[in-house]
file protein.txt (compact mmCIF, C-alpha atoms and all ligand atoms)
# COMPACT_ATOMS: atom_id res chain seq x y z
CA MET A 165 66.00 86.97 124.36
CA ALA A 166 65.77 90.68 123.51
CA PRO A 167 67.47 91.57 120.22
CA GLN A 168 70.92 93.04 120.69
CA THR A 169 71.17 96.79 120.42
CA ALA A 170 73.42 98.43 117.81
CA TYR A 171 75.73 99.43 120.65
CA ASP A 172 76.05 95.85 121.89
CA ARG A 173 76.63 94.55 118.38
CA ALA A 174 79.36 97.15 117.86
CA VAL A 175 81.07 96.16 121.11
CA ASP A 176 80.92 92.54 119.93
CA VAL A 177 82.70 93.44 116.69
CA LEU A 178 85.48 95.18 118.64
CA ARG A 179 85.83 92.09 120.86
CA GLN A 180 85.98 89.69 117.93
CA ASN A 181 88.77 91.65 116.31
CA ASP A 182 90.74 92.38 119.50
CA ARG A 183 94.15 90.69 119.53
CA GLY A 184 95.03 91.77 123.09
CA THR A 185 97.18 94.84 122.51
CA TYR A 186 95.94 95.82 119.06
CA THR A 187 92.84 95.28 116.97
CA VAL A 188 92.71 93.96 113.40
CA PRO A 189 90.47 95.93 111.02
CA THR A 190 88.61 92.72 110.15
CA LYS A 191 89.35 89.01 110.10
CA GLY A 192 90.87 87.63 106.89
CA LEU A 193 91.19 90.66 104.64
CA TYR A 194 93.34 92.69 107.11
CA PRO A 195 95.13 90.44 109.64
CA PHE A 196 97.56 93.04 111.11
CA GLN A 197 97.46 96.47 112.80
CA TRP A 198 96.68 99.50 110.65
CA ASN A 199 97.66 102.97 111.76
CA TRP A 200 94.59 105.18 111.47
CA ASP A 201 92.24 102.26 112.00
CA SER A 202 93.79 101.73 115.44
CA CYS A 203 93.64 105.37 116.50
CA LEU A 204 89.98 105.64 115.50
CA THR A 205 89.21 102.25 117.02
CA ALA A 206 90.55 103.49 120.35
CA LEU A 207 87.73 106.07 120.36
CA GLY A 208 85.19 103.27 120.45
CA GLN A 209 87.17 101.20 122.93
CA ARG A 210 87.35 104.04 125.46
CA HIS A 211 83.63 103.62 126.19
CA VAL A 212 84.21 100.01 127.15
CA ASP A 213 87.70 100.05 128.69
CA GLU A 214 89.79 103.23 128.90
CA ALA A 215 93.07 101.46 129.61
CA ARG A 216 92.58 99.24 126.56
CA ALA A 217 91.99 102.31 124.38
CA TRP A 218 95.33 103.83 125.40
CA THR A 219 97.04 100.49 124.77
CA GLU A 220 95.74 100.41 121.20
CA ILE A 221 97.56 103.66 120.35
CA GLU A 222 100.63 102.77 122.41
CA THR A 223 101.08 99.50 120.53
CA LEU A 224 101.15 101.43 117.27
CA PHE A 225 103.70 103.90 118.61
CA ALA A 226 105.89 101.10 119.93
CA HIS A 227 106.71 100.55 116.25
CA GLN A 228 107.46 104.17 115.40
CA TRP A 229 110.66 104.50 113.39
CA GLU A 230 113.73 106.23 114.82
CA ASP A 231 113.16 109.24 112.55
CA GLY A 232 109.59 109.72 113.83
CA MET A 233 107.63 108.00 111.06
CA VAL A 234 104.70 105.87 112.20
CA PRO A 235 104.10 103.05 109.70
CA HIS A 236 100.76 102.31 108.11
CA ILE A 237 100.91 98.58 108.92
CA VAL A 238 102.54 96.69 111.81
CA PHE A 239 102.87 93.02 110.87
CA HIS A 240 102.47 91.55 114.36
CA VAL A 241 101.89 88.01 113.13
CA GLU A 242 102.83 85.90 110.13
CA SER A 243 100.04 85.54 107.62
CA ASP A 244 99.85 84.73 103.93
CA GLN A 245 96.36 86.25 103.82
CA TYR A 246 97.58 89.72 102.89
CA PHE A 247 99.62 91.08 100.01
CA PRO A 248 102.06 92.87 100.01
CA GLY A 249 103.55 91.32 103.15
CA PRO A 250 106.84 92.09 104.97
CA ASP A 251 109.02 90.41 102.33
CA VAL A 252 107.78 92.84 99.68
CA TRP A 253 108.25 95.90 101.91
CA GLY A 254 111.72 94.83 103.05
CA THR A 255 111.99 97.57 105.67
CA ASN A 256 114.41 95.56 107.83
CA ARG A 257 112.94 96.51 111.17
CA PRO A 258 114.79 95.12 114.18
CA THR A 259 111.91 93.13 115.69
CA ILE A 260 108.43 93.21 114.22
CA ALA A 261 108.13 94.05 110.53
CA THR A 262 106.30 97.17 109.39
CA SER A 263 105.43 98.80 106.09
CA GLY A 264 107.55 101.80 105.08
CA ILE A 265 104.85 104.39 104.40
CA THR A 266 102.51 106.20 106.77
CA GLN A 267 98.78 106.99 107.04
CA PRO A 268 96.54 109.93 108.05
CA PRO A 269 97.83 111.17 111.43
CA VAL A 270 94.70 110.99 113.56
CA ALA A 271 96.63 110.05 116.72
CA GLY A 272 96.85 113.61 118.09
CA PHE A 273 93.13 114.09 117.69
CA ALA A 274 92.31 110.67 119.17
CA ALA A 275 94.61 111.12 122.16
CA LYS A 276 93.00 114.44 123.03
CA ARG A 277 89.49 113.09 122.67
CA ILE A 278 90.23 110.11 124.89
CA PHE A 279 91.97 112.37 127.41
CA ASP A 280 89.11 114.88 127.52
CA GLY A 281 86.45 112.23 128.07
CA ALA A 282 88.43 110.06 130.47
CA THR A 283 86.82 109.15 133.76
CA ASP A 284 90.12 107.83 135.13
CA ARG A 285 92.02 111.15 135.16
CA GLY A 286 95.19 109.76 136.71
CA LEU A 287 95.46 107.04 134.09
CA ALA A 288 94.73 109.50 131.28
CA GLU A 289 97.47 111.90 132.45
CA GLU A 290 100.02 109.15 132.73
CA ARG A 291 99.26 107.58 129.37
CA ALA A 292 98.88 110.88 127.49
CA ARG A 293 102.15 112.19 128.92
CA CYS A 294 104.04 109.21 127.44
CA LEU A 295 102.39 109.49 124.05
CA LEU A 296 102.79 113.25 123.72
CA PRO A 297 106.47 113.40 122.60
CA LYS A 298 105.97 110.47 120.25
CA ILE A 299 103.04 112.05 118.45
CA ASP A 300 104.96 115.33 118.36
CA ALA A 301 107.93 113.54 116.75
CA TRP A 302 105.61 112.15 114.07
CA HIS A 303 104.25 115.63 113.31
CA LYS A 304 107.79 116.97 113.13
CA TRP A 305 108.73 114.12 110.78
CA PHE A 306 105.91 115.08 108.42
CA PHE A 307 107.05 118.65 107.96
CA ALA A 308 110.73 117.69 107.72
CA ASN A 309 110.23 114.92 105.16
CA ARG A 310 107.04 115.73 103.31
CA ASP A 311 107.21 119.50 103.07
CA PRO A 312 110.79 120.10 101.94
CA HIS A 313 110.06 123.64 100.71
CA GLY A 314 108.25 124.74 103.86
CA GLU A 315 104.85 125.31 102.21
CA GLY A 316 103.01 124.36 105.38
CA LEU A 317 101.33 121.36 103.73
CA VAL A 318 102.65 117.82 103.38
CA ALA A 319 102.57 115.46 100.42
CA ILE A 320 101.64 111.81 100.35
CA LEU A 321 104.00 109.69 98.24
CA HIS A 322 101.77 106.67 97.82
CA PRO A 323 97.96 106.45 97.46
CA TRP A 324 97.84 104.07 100.42
CA GLU A 325 99.16 106.83 102.65
CA SER A 326 95.97 108.82 102.11
CA GLY A 327 93.85 106.01 103.53
CA ARG A 328 91.69 106.51 100.42
CA ASP A 329 93.57 103.96 98.38
CA ASN A 330 91.97 104.08 94.93
CA SER A 331 90.37 107.54 94.98
CA ILE A 332 89.80 109.23 91.63
CA ASP A 333 92.08 111.95 93.05
CA TRP A 334 95.13 109.81 92.28
CA ASP A 335 94.25 108.66 88.73
CA ALA A 336 96.18 111.22 86.70
CA ALA A 337 99.18 111.32 89.06
CA LEU A 338 99.29 107.54 89.19
CA ASP A 339 99.23 107.35 85.38
CA ARG A 340 102.64 108.97 85.45
CA VAL A 341 104.02 106.21 87.66
CA PRO A 342 105.76 103.54 85.57
CA THR A 343 105.09 99.81 85.86
CA GLU A 344 108.27 98.41 84.31
CA GLY A 345 109.96 95.72 86.35
CA VAL A 346 107.09 95.18 88.81
CA GLY A 347 107.00 91.47 87.99
CA GLU A 348 104.38 88.83 88.76
CA TYR A 349 102.42 88.83 92.00
CA THR A 350 99.24 87.36 93.46
CA ARG A 351 96.80 89.69 95.14
CA ARG A 352 94.98 88.50 98.24
CA ASP A 353 92.38 91.24 98.61
CA THR A 354 90.35 90.02 95.63
CA GLN A 355 90.13 86.57 97.23
CA HIS A 356 88.44 88.05 100.31
CA ALA A 357 86.27 90.69 98.66
CA ASP A 358 84.43 91.19 95.38
CA PRO A 359 86.98 92.33 92.71
CA ALA A 360 84.38 94.83 91.42
CA HIS A 361 84.67 96.60 94.78
CA ARG A 362 88.48 96.69 94.80
CA PRO A 363 91.25 98.62 93.00
CA THR A 364 92.18 97.48 89.48
CA LYS A 365 95.34 95.62 88.37
CA ALA A 366 96.67 98.73 86.61
CA GLN A 367 96.46 100.59 89.92
CA TYR A 368 98.00 97.73 91.87
CA ASP A 369 101.00 97.58 89.50
CA ARG A 370 101.72 101.22 90.27
CA TYR A 371 101.21 100.79 94.00
CA LEU A 372 103.88 98.09 93.87
CA TRP A 373 106.24 100.06 91.64
CA LEU A 374 106.29 102.84 94.25
CA VAL A 375 106.98 100.36 97.05
CA GLN A 376 109.88 98.91 95.04
CA ARG A 377 111.23 102.39 94.30
CA PHE A 378 111.30 103.33 98.00
CA ARG A 379 112.73 99.98 98.97
CA GLY A 380 115.52 100.64 96.45
CA LEU A 381 116.37 103.72 98.56
CA ASP A 382 116.55 101.60 101.71
CA TRP A 383 113.49 103.37 103.05
CA ASP A 384 115.54 106.46 103.85
CA CYS A 385 112.61 108.82 104.47
CA SER A 386 114.75 111.88 103.81
CA LYS A 387 115.20 110.73 100.19
CA LEU A 388 111.76 109.45 99.29
CA HIS A 389 109.93 112.72 98.63
CA ASP A 390 112.18 113.99 95.87
CA ALA A 391 112.61 110.51 94.40
CA SER A 392 108.88 109.87 94.11
CA PRO A 393 107.03 110.50 90.84
CA PHE A 394 103.88 110.61 92.99
CA GLN A 395 103.64 113.63 95.33
CA VAL A 396 100.12 114.75 96.11
CA VAL A 397 98.95 117.33 98.63
CA ASP A 398 95.63 115.97 99.89
CA PRO A 399 93.39 118.45 101.73
CA GLY A 400 91.78 115.70 103.83
CA PHE A 401 95.11 114.32 104.94
CA ASN A 402 96.46 117.78 105.71
CA ALA A 403 93.31 118.73 107.60
CA ILE A 404 93.75 115.67 109.78
CA LEU A 405 97.36 116.64 110.43
CA ILE A 406 96.41 120.25 111.20
CA ARG A 407 93.61 119.13 113.53
CA SER A 408 95.98 116.74 115.28
CA CYS A 409 98.56 119.51 115.67
CA THR A 410 95.94 121.77 117.27
CA ASP A 411 94.65 119.01 119.51
CA LEU A 412 98.16 117.94 120.52
CA ALA A 413 98.93 121.55 121.36
CA ASP A 414 95.87 121.67 123.65
CA LEU A 415 96.85 118.40 125.25
CA ALA A 416 100.43 119.57 125.73
CA GLU A 417 99.17 122.74 127.39
CA ALA A 418 96.97 120.74 129.75
CA LEU A 419 100.04 118.70 130.71
CA GLY A 420 102.34 121.72 131.06
CA GLU A 421 104.49 120.84 128.01
CA THR A 422 104.72 124.35 126.62
CA ALA A 423 107.39 123.74 123.97
CA ILE A 424 105.40 120.93 122.34
CA ALA A 425 102.31 123.12 122.53
CA ALA A 426 104.01 126.05 120.80
CA ASP A 427 105.51 123.92 118.00
CA ASN A 428 102.21 122.28 117.18
CA ARG A 429 100.28 125.52 117.33
CA ALA A 430 102.72 127.02 114.80
CA ARG A 431 102.41 124.01 112.47
CA ALA A 432 98.62 124.22 112.55
CA LYS A 433 98.60 127.96 111.90
CA LYS A 434 100.88 127.71 108.89
CA GLY A 435 98.98 124.71 107.52
CA LEU A 436 95.60 126.41 107.81
CA ALA A 437 96.85 129.46 105.92
CA ALA A 438 98.29 127.26 103.17
CA MET A 439 95.03 125.29 102.81
CA GLU A 440 93.52 128.35 101.14
CA GLY A 441 95.57 127.54 98.05
CA LEU A 442 93.59 124.31 97.64
CA TRP A 443 90.14 125.91 97.70
CA SER A 444 87.97 125.55 94.57
CA GLU A 445 85.10 127.99 94.33
CA PRO A 446 83.35 126.12 91.45
CA HIS A 447 83.39 122.84 93.38
CA GLY A 448 82.53 124.39 96.73
CA GLN A 449 85.27 122.32 98.38
CA TYR A 450 89.03 121.90 98.54
CA LEU A 451 90.95 119.91 95.91
CA CYS A 452 94.20 117.96 95.89
CA ARG A 453 97.30 119.48 94.35
CA ASP A 454 99.75 117.45 92.29
CA ARG A 455 103.06 118.77 93.54
CA THR A 456 105.05 117.30 90.62
CA ILE A 457 103.27 119.59 88.14
CA ASN A 458 102.11 122.19 90.64
CA ALA A 459 98.46 122.00 89.59
CA LEU A 460 95.15 121.38 91.34
CA ILE A 461 93.57 118.02 90.52
CA ASP A 462 90.05 118.36 89.10
CA SER A 463 88.44 115.67 91.21
CA ALA A 464 85.64 116.42 93.66
CA SER A 465 86.27 113.71 96.22
CA ILE A 466 85.59 113.42 99.91
CA GLY A 467 89.19 114.52 100.59
CA GLY A 468 88.21 118.14 100.00
CA ILE A 469 85.15 117.79 102.25
CA LEU A 470 87.06 116.08 105.03
CA ALA A 471 89.03 119.31 105.18
CA ALA A 472 86.24 120.60 107.43
CA PHE A 473 87.83 118.50 110.18
CA ALA A 474 90.35 121.33 110.63
CA ALA A 475 89.39 124.82 111.83
CA ILE A 476 88.93 126.19 108.29
CA PRO A 477 87.44 129.68 107.82
CA ALA A 478 83.70 129.94 108.58
CA GLU A 479 82.73 130.71 104.98
CA ARG A 480 84.57 127.60 103.77
CA GLY A 481 82.74 125.48 106.33
CA ARG A 482 79.40 126.92 105.18
CA ALA A 483 80.22 126.26 101.52
CA ILE A 484 81.19 122.67 102.30
CA ALA A 485 77.90 122.19 104.17
CA ARG A 486 76.00 123.33 101.07
CA THR A 487 78.10 120.95 98.94
CA ILE A 488 77.21 118.03 101.23
CA GLU A 489 73.53 118.97 100.92
CA ARG A 490 73.87 119.02 97.15
CA LEU A 491 75.62 115.62 97.08
CA SER A 492 72.93 114.16 99.32
CA GLN A 493 70.34 114.89 96.60
CA SER A 494 71.96 112.25 94.34
CA VAL A 495 72.37 109.47 96.92
CA THR A 496 70.29 107.77 99.60
CA PHE A 497 73.11 107.70 102.16
CA SER A 498 75.66 110.45 102.85
CA VAL A 499 78.53 111.25 102.45
CA PRO A 500 79.61 109.54 99.20
CA SER A 501 83.39 109.40 98.75
CA HIS A 502 83.06 111.00 95.35
CA ASP A 503 80.61 113.39 93.70
CA PRO A 504 77.89 111.16 92.15
CA THR A 505 77.38 113.59 89.26
CA ASP A 506 80.97 113.01 88.09
CA SER A 507 81.08 110.37 85.31
CA ARG A 508 83.96 108.64 87.12
CA PHE A 509 81.82 107.98 90.23
CA ASP A 510 81.55 104.22 90.92
CA ALA A 511 78.99 103.44 93.66
CA PRO A 512 80.40 100.14 95.04
CA ARG A 513 84.11 100.60 94.32
CA TYR A 514 86.02 101.36 97.52
CA TRP A 515 86.96 105.05 97.62
CA ARG A 516 85.42 105.97 94.24
CA GLY A 517 81.86 106.42 95.52
CA PRO A 518 81.01 104.41 98.65
CA VAL A 519 80.20 105.84 102.09
CA TRP A 520 82.69 105.14 104.89
CA LEU A 521 81.75 105.69 108.51
CA VAL A 522 85.19 106.99 109.48
CA THR A 523 85.07 109.87 107.04
CA ASN A 524 81.46 110.47 108.07
CA TYR A 525 82.56 110.74 111.68
CA MET A 526 85.26 113.31 111.00
CA ILE A 527 83.10 115.34 108.61
CA ALA A 528 80.17 115.35 111.05
CA ASP A 529 82.55 116.54 113.76
CA GLY A 530 83.75 119.37 111.52
CA MET A 531 80.20 120.34 110.54
CA ALA A 532 79.09 120.44 114.17
CA ALA A 533 82.08 122.62 115.04
CA ALA A 534 81.15 124.94 112.16
CA GLY A 535 77.62 125.28 113.59
CA GLU A 536 76.13 123.25 110.71
CA THR A 537 74.17 121.01 113.04
CA VAL A 538 71.54 119.96 110.48
CA VAL A 539 74.20 118.67 108.09
CA ALA A 540 76.06 117.01 110.95
CA GLN A 541 72.84 115.23 111.97
CA LEU A 542 72.14 114.15 108.39
CA ILE A 543 75.52 112.41 108.34
CA VAL A 544 75.01 110.72 111.71
CA ASP A 545 71.51 109.56 110.71
CA SER A 546 72.79 108.13 107.41
CA SER A 547 75.54 106.28 109.26
CA LEU A 548 73.18 104.68 111.76
CA GLU A 549 70.62 103.79 109.07
CA LEU A 550 73.37 102.04 107.13
CA ILE A 551 74.38 99.78 109.96
CA GLU A 552 70.74 98.93 110.73
CA LYS A 553 70.21 98.02 107.08
CA SER A 554 73.54 96.37 106.23
CA GLY A 555 75.52 95.64 109.39
CA PHE A 556 79.06 96.69 110.24
CA ALA A 557 80.52 96.64 106.74
CA GLU A 558 83.83 98.09 105.63
CA TYR A 559 81.95 100.58 103.41
CA TYR A 560 78.56 100.96 101.72
CA ASP A 561 77.04 101.67 98.33
CA PRO A 562 75.62 105.21 98.83
CA ILE A 563 72.66 104.58 96.54
CA SER A 564 71.48 101.08 97.49
CA GLY A 565 73.01 101.00 100.98
CA ALA A 566 74.44 97.54 100.21
CA PRO A 567 77.36 96.42 102.39
CA CYS A 568 80.70 96.31 100.54
CA GLY A 569 84.21 94.99 101.22
CA GLY A 570 84.89 93.16 104.49
CA GLY A 571 82.28 92.47 107.18
CA ASP A 572 82.30 92.93 111.00
CA PHE A 573 84.62 95.85 110.50
CA THR A 574 86.35 97.32 113.52
CA TRP A 575 86.45 101.03 112.78
CA THR A 576 82.86 101.01 111.52
CA ALA A 577 81.85 99.55 114.89
CA ALA A 578 84.00 102.07 116.77
CA MET A 579 82.36 104.97 114.94
CA VAL A 580 78.90 103.61 115.71
CA ILE A 581 79.76 103.52 119.42
CA GLU A 582 80.92 107.13 119.13
CA PHE A 583 77.75 108.21 117.30
CA LEU A 584 75.54 106.46 119.83
CA THR A 585 77.27 107.92 122.87
CA ALA A 586 77.58 111.53 121.67
CA SER A 587 75.61 113.77 123.91
C1 LIG B 601 92.08 99.97 103.22
C2 LIG B 601 91.63 101.42 103.43
C3 LIG B 601 92.50 102.06 104.48
C4 LIG B 601 92.46 101.24 105.76
C5 LIG B 601 92.79 99.78 105.51
C6 LIG B 601 92.52 98.90 106.71
O1 LIG B 601 93.37 99.91 102.75
O2 LIG B 601 91.65 102.13 102.24
O3 LIG B 601 92.07 103.38 104.73
O4 LIG B 601 93.33 101.76 106.70
O5 LIG B 601 92.01 99.28 104.45
O6 LIG B 601 91.19 98.99 107.13

call {"tool": "encode", "arguments": {"input": "protein.txt", "output": "structure tokens", "more": "lines below"}}
Ligand code: GLC
result
Amino acid sequence: MAPQTAYDRAVDVLRQNDRGTYTVPTKGLYPFQWNWDSCLTALGQRHVDEARAWTEIETLFAHQWEDGMVPHIVFHVESDQYFPGPDVWGTNRPTIATSGITQPPVAGFAAKRIFDGATDRGLAEERARCLLPKIDAWHKWFFANRDPHGEGLVAILHPWESGRDNSIDWDAALDRVPTEGVGEYTRRDTQHADPAHRPTKAQYDRYLWLVQRFRGLDWDCSKLHDASPFQVVDPGFNAILIRSCTDLADLAEALGETAIAADNRARAKKGLAAMEGLWSEPHGQYLCRDRTINALIDSASIGGILAAFAAIPAERGRAIARTIERLSQSVTFSVPSHDPTDSRFDAPRYWRGPVWLVTNYMIADGMAAAGETVVAQLIVDSSLELIEKSGFAEYYDPISGAPCGGGDFTWTAAMVIEFLTAS
């Protein structure tokens, strides 16, 4: 029998993790539906089954909160494999439990990409038309609840919202989060994956303190921002939101929804202008800002590179391309999630050094849009070399290329399908 192609193996991973109307990130470690995982997974699914791709995003939005928030986890099934589960979150949802925080809003971007490439135009129009107001309500929620002073940029209130859970970006801000009263708990992640690849106990205590704080406010999203000792403006997260606003505006225009188009265009314009305040000339990339002390965070992570996913000014895109080239000199595989020349860089530890194919996908997209095709290709080549060498891992050591975290990982497979089918 001929060996399976990378494409076929990726499709197999999506099938294995498909639970009918949603896809788990991987078996064991993550047994539920995750927000940005699902939206990015739908991009891979569309090449196999367009209707199934729309369903993936729709299932997520079926659990959108009344105020517009879209939770980072939907606990479709009972499982003691994951901590913290629904009892810890205590969000009191009417039917299926969800977490109470959100994740990077890639839905607007994903919906547009699926719509644009759809072969079944009638289906795409129908499904996109239903999703449009829901995604718009999420965007509106962000600016109402996470940008109370109208800066144009939103804050994350928990490191898990960033999708880059234990990034060095959060260290100093997280240090200011107390741990009193957190109590005893048993982690599950370190039973599924190597503890040396995972966040530390000190970080976990603070993750849980924040959850308990928000739960103490009955998950009233209008109160959480001001009550949180952790408020960080992440350029990667904001770039994703800005990109999704622009893409949703395009989609709304195509569907004749002019009011949604105008609102999202305005959000994107204001956000892009405000991003300038996060630029760091010495680092050649954007940085996070700690809103509680109103200061930039000196941490050259992938968050400030991911910013290229939005339509940033041409000179910023060029500078980021040069930064990626510089980073690639210190690693075998690009793009590391943190600058390897920083003493805090940790090659196998989650978001403190490893390469992730989802961030690679969005950065490569931004580089291609900026006309930096050589850098974009470098990122695609690294991604495909990694899966040939180490399979569909959750993430990879950027120096050795070793697979890290969970295996047979859904969004890694989805990104591979996207890379392989790009024309
Ligand atoms: C980890 C990642 C996060 C992802 C989740 C499920 O928490 O940091 O970005 O959504 O796993 O794959």

call {"tool": "residues_near_ligand", "arguments": {"input": "protein.txt", "ligand": "ligand LIG 601 (chain B)", "cutoff": "7 Å", "atoms": "all atoms listed in the file", "output": "ChimeraX atom specification"}}
result
/A:189,194,198-201,324,327-329

call {"tool": "residues_around", "arguments": {"input": "protein.txt", "residues": "Ser465 of chain A", "least_positions_apart": "5", "cutoff": "8 Å", "atoms": "only C-alpha atoms", "output": "MDAnalysis selection string"}}
result
chainID A and resid 331:333 451 501:503

call {"tool": "residues_near_point", "arguments": {"input": "protein.txt", "point": "(111.5, 117.8, 103.8)", "cutoff": "10 Å", "atoms": "all atoms listed in the file", "output": "list of chain:residue names"}}
result
A:Trp305, A:Phe306, A:Phe307, A:Ala308, A:Asn309, A:Arg310, A:Asp311, A:Pro312, A:His313, A:Gly314, A:Val318, A:Ala319, A:Cys385, A:Ser386, A:Lys387, A:Leu388, A:His389, A:Asp390

call {"tool": "residues_around", "arguments": {"input": "protein.txt", "residues": "segment 205-219 of chain A", "least_positions_apart": "5", "cutoff": "9 Å", "atoms": "only C-alpha atoms", "output": "ChimeraX atom specification"}}
result
/A:174-175,178,184-187,189,200,224,274-275,277-278,281-284,287-288,291-292,574-582,585

call {"tool": "residues_around", "arguments": {"input": "protein.txt", "residues": "Leu317 of chain A", "least_positions_apart": "5", "cutoff": "10 Å", "atoms": "only C-alpha atoms", "output": "ChimeraX atom specification"}}
result
/A:306-307,310-312,397-399,401-403,405-406,431-432,434-439

call {"tool": "closest_residue", "arguments": {"input": "protein.txt", "among": "A:His303, A:Arg490, A:Arg513, A:Arg257", "to": "Pro269 of chain A", "atoms": "only C-alpha atoms"}}
result
A:His303

call {"tool": "closest_atom_pairs", "arguments": {"input": "protein.txt", "of": "segment 287-322 of chain A", "to": "segment 364-378 of chain A", "cutoff": "12 Å", "atoms": "all atoms listed in the file", "output": "CSV"}}
result
residue,atom,partner,partner_atom,distance
A:Ile320,CA,A:Leu374,CA,11.8
A:Leu321,CA,A:Leu374,CA,8.3
A:His322,CA,A:Leu374,CA,6.9

call {"tool": "closest_residue", "arguments": {"input": "protein.txt", "among": "A:Ser564, A:Ser547, A:Gln245, A:Gln395", "to": "Asp454 of chain A", "atoms": "only C-alpha atoms"}}
result
A:Gln395

call {"tool": "atom_distance", "arguments": {"input": "protein.txt", "atom1": "atom CA of Val495 of chain A", "atom2": "atom CA of Tyr560 of chain A"}}
result
11.6 Å
